[in-house]
Amino acid sequence: MKKITPFLWFDTQAEEAMNFYVSLFKNSEVLGVAPGPNGIASTVNFELEGQEFIALNAGPQFKFNESISFLVDCKTQEEVDELWTKLTADGGEESMCGWLKDKYGLWWVRCWAIKILRKQVELCRRCSRCERSSLLTYRRHMRVDKSLS
């Protein structure tokens, strides 16, 4: 286990969510499921692209929100589009600034290549015409600008 591991709180869907996330990423696996009452897992442990996660079924007291989200380093536009489509399917939704919420309520931010994201953020900082208010109304993931790679 790495020194820091995301620990996700679900109502009752931790195992279902884990299986969904593992199905999205090639280098992923279920590491363990701890049984709980009524046949529902208590905790699950899984890995996505080398990052370990632990998820807990602990009731509806807490919900995910945009203040914590995961950014995926996609290498191609096709990878961005495929992941975006799968994460917004079956009840997921697009939100402002290129964020999306998946069907379990977990937030993901623009699925860009990190290198391209950093360059676009730097260009935005230098652009006097860039207005934060227009960014907040942006709802769909931006296309990868190949000139920035």
# chains A, B, ... in the order shown; residues from 1 in each chain; ligands from 1
>>> residues_around(residues="Gly32 of chain A", least_positions_apart="4", cutoff="12 Å", atoms="only C-alpha atoms", output="ChimeraX atom specification")
/A:14-15,18-19,41-47,52-55
>>> write_last_selection(atoms="N, CA and C atoms", output="PDB file, in the first residue's frame")
ATOM      1  N   ALA A  14     -20.448   0.280  -2.514  1.00  0.00           N
ATOM      2  CA  ALA A  14     -18.985   0.225  -2.659  1.00  0.00           C
ATOM      3  C   ALA A  14     -18.537  -0.896  -3.598  1.00  0.00           C
ATOM      4  N   GLU A  15     -19.080  -2.084  -3.435  1.00  0.00           N
ATOM      5  CA  GLU A  15     -18.654  -3.208  -4.274  1.00  0.00           C
ATOM      6  C   GLU A  15     -19.089  -3.003  -5.726  1.00  0.00           C
ATOM      7  N   MET A  18     -16.838  -0.314  -7.178  1.00  0.00           N
ATOM      8  CA  MET A  18     -15.503  -0.877  -7.421  1.00  0.00           C
ATOM      9  C   MET A  18     -15.487  -1.663  -8.730  1.00  0.00           C
ATOM     10  N   ASN A  19     -16.464  -2.529  -8.922  1.00  0.00           N
ATOM     11  CA  ASN A  19     -16.516  -3.343 -10.145  1.00  0.00           C
ATOM     12  C   ASN A  19     -16.669  -2.469 -11.386  1.00  0.00           C
ATOM     13  N   ALA A  41     -21.037  -6.005   1.111  1.00  0.00           N
ATOM     14  CA  ALA A  41     -19.644  -5.839   1.525  1.00  0.00           C
ATOM     15  C   ALA A  41     -19.518  -4.705   2.540  1.00  0.00           C
ATOM     16  N   SER A  42     -18.634  -4.896   3.493  1.00  0.00           N
ATOM     17  CA  SER A  42     -18.337  -3.834   4.456  1.00  0.00           C
ATOM     18  C   SER A  42     -17.322  -2.865   3.856  1.00  0.00           C
ATOM     19  N   THR A  43     -16.215  -3.425   3.386  1.00  0.00           N
ATOM     20  CA  THR A  43     -15.194  -2.634   2.693  1.00  0.00           C
ATOM     21  C   THR A  43     -14.715  -3.402   1.471  1.00  0.00           C
ATOM     22  N   VAL A  44     -14.212  -2.653   0.506  1.00  0.00           N
ATOM     23  CA  VAL A  44     -13.597  -3.250  -0.683  1.00  0.00           C
ATOM     24  C   VAL A  44     -12.270  -2.553  -0.929  1.00  0.00           C
ATOM     25  N   ASN A  45     -11.400  -3.265  -1.576  1.00  0.00           N
ATOM     26  CA  ASN A  45     -10.056  -2.784  -1.849  1.00  0.00           C
ATOM     27  C   ASN A  45      -9.767  -3.078  -3.315  1.00  0.00           C
ATOM     28  N   PHE A  46      -9.340  -2.062  -4.072  1.00  0.00           N
ATOM     29  CA  PHE A  46      -9.094  -2.264  -5.498  1.00  0.00           C
ATOM     30  C   PHE A  46      -7.985  -1.335  -5.972  1.00  0.00           C
ATOM     31  N   GLU A  47      -7.503  -1.629  -7.170  1.00  0.00           N
ATOM     32  CA  GLU A  47      -6.430  -0.831  -7.758  1.00  0.00           C
ATOM     33  C   GLU A  47      -6.831  -0.409  -9.160  1.00  0.00           C
ATOM     34  N   GLU A  52      -4.058   2.415  -5.486  1.00  0.00           N
ATOM     35  CA  GLU A  52      -4.951   1.632  -4.644  1.00  0.00           C
ATOM     36  C   GLU A  52      -6.050   2.514  -4.056  1.00  0.00           C
ATOM     37  N   PHE A  53      -7.241   1.937  -3.920  1.00  0.00           N
ATOM     38  CA  PHE A  53      -8.390   2.595  -3.316  1.00  0.00           C
ATOM     39  C   PHE A  53      -9.007   1.652  -2.288  1.00  0.00           C
ATOM     40  N   ILE A  54      -9.578   2.219  -1.265  1.00  0.00           N
ATOM     41  CA  ILE A  54     -10.396   1.476  -0.315  1.00  0.00           C
ATOM     42  C   ILE A  54     -11.759   2.160  -0.307  1.00  0.00           C
ATOM     43  N   ALA A  55     -12.822   1.368  -0.304  1.00  0.00           N
ATOM     44  CA  ALA A  55     -14.169   1.931  -0.249  1.00  0.00           C
ATOM     45  C   ALA A  55     -14.944   1.247   0.867  1.00  0.00           C
TER      46      ALA A  55
END
>>> closest_residue(among="A:Trp9, A:Phe20, A:Phe62, A:Phe25", to="Cys74 of chain A", atoms="only C-alpha atoms")
A:Phe25
>>> closest_residue(among="A:Pro35, A:Met1, A:Lys26, A:Asn57", to="Glu79 of chain A", atoms="only C-alpha atoms")
A:Lys26
>>> closest_residue(among="A:Leu56, A:Val109, A:Val80, A:Val22", to="Phe7 of chain A", atoms="only C-alpha atoms")
A:Leu56
>>> atom_distance(atom1="atom CA of Ser23 of chain A", atom2="atom CA of Lys3 of chain A")
25.1 Å
>>> atom_distance(atom1="atom CA of Glu49 of chain A", atom2="atom CA of Glu66 of chain A")
22.0 Å
>>> atom_distance(atom1="atom CA of Ile4 of chain A", atom2="atom CA of Pro60 of chain A")
24.5 Å
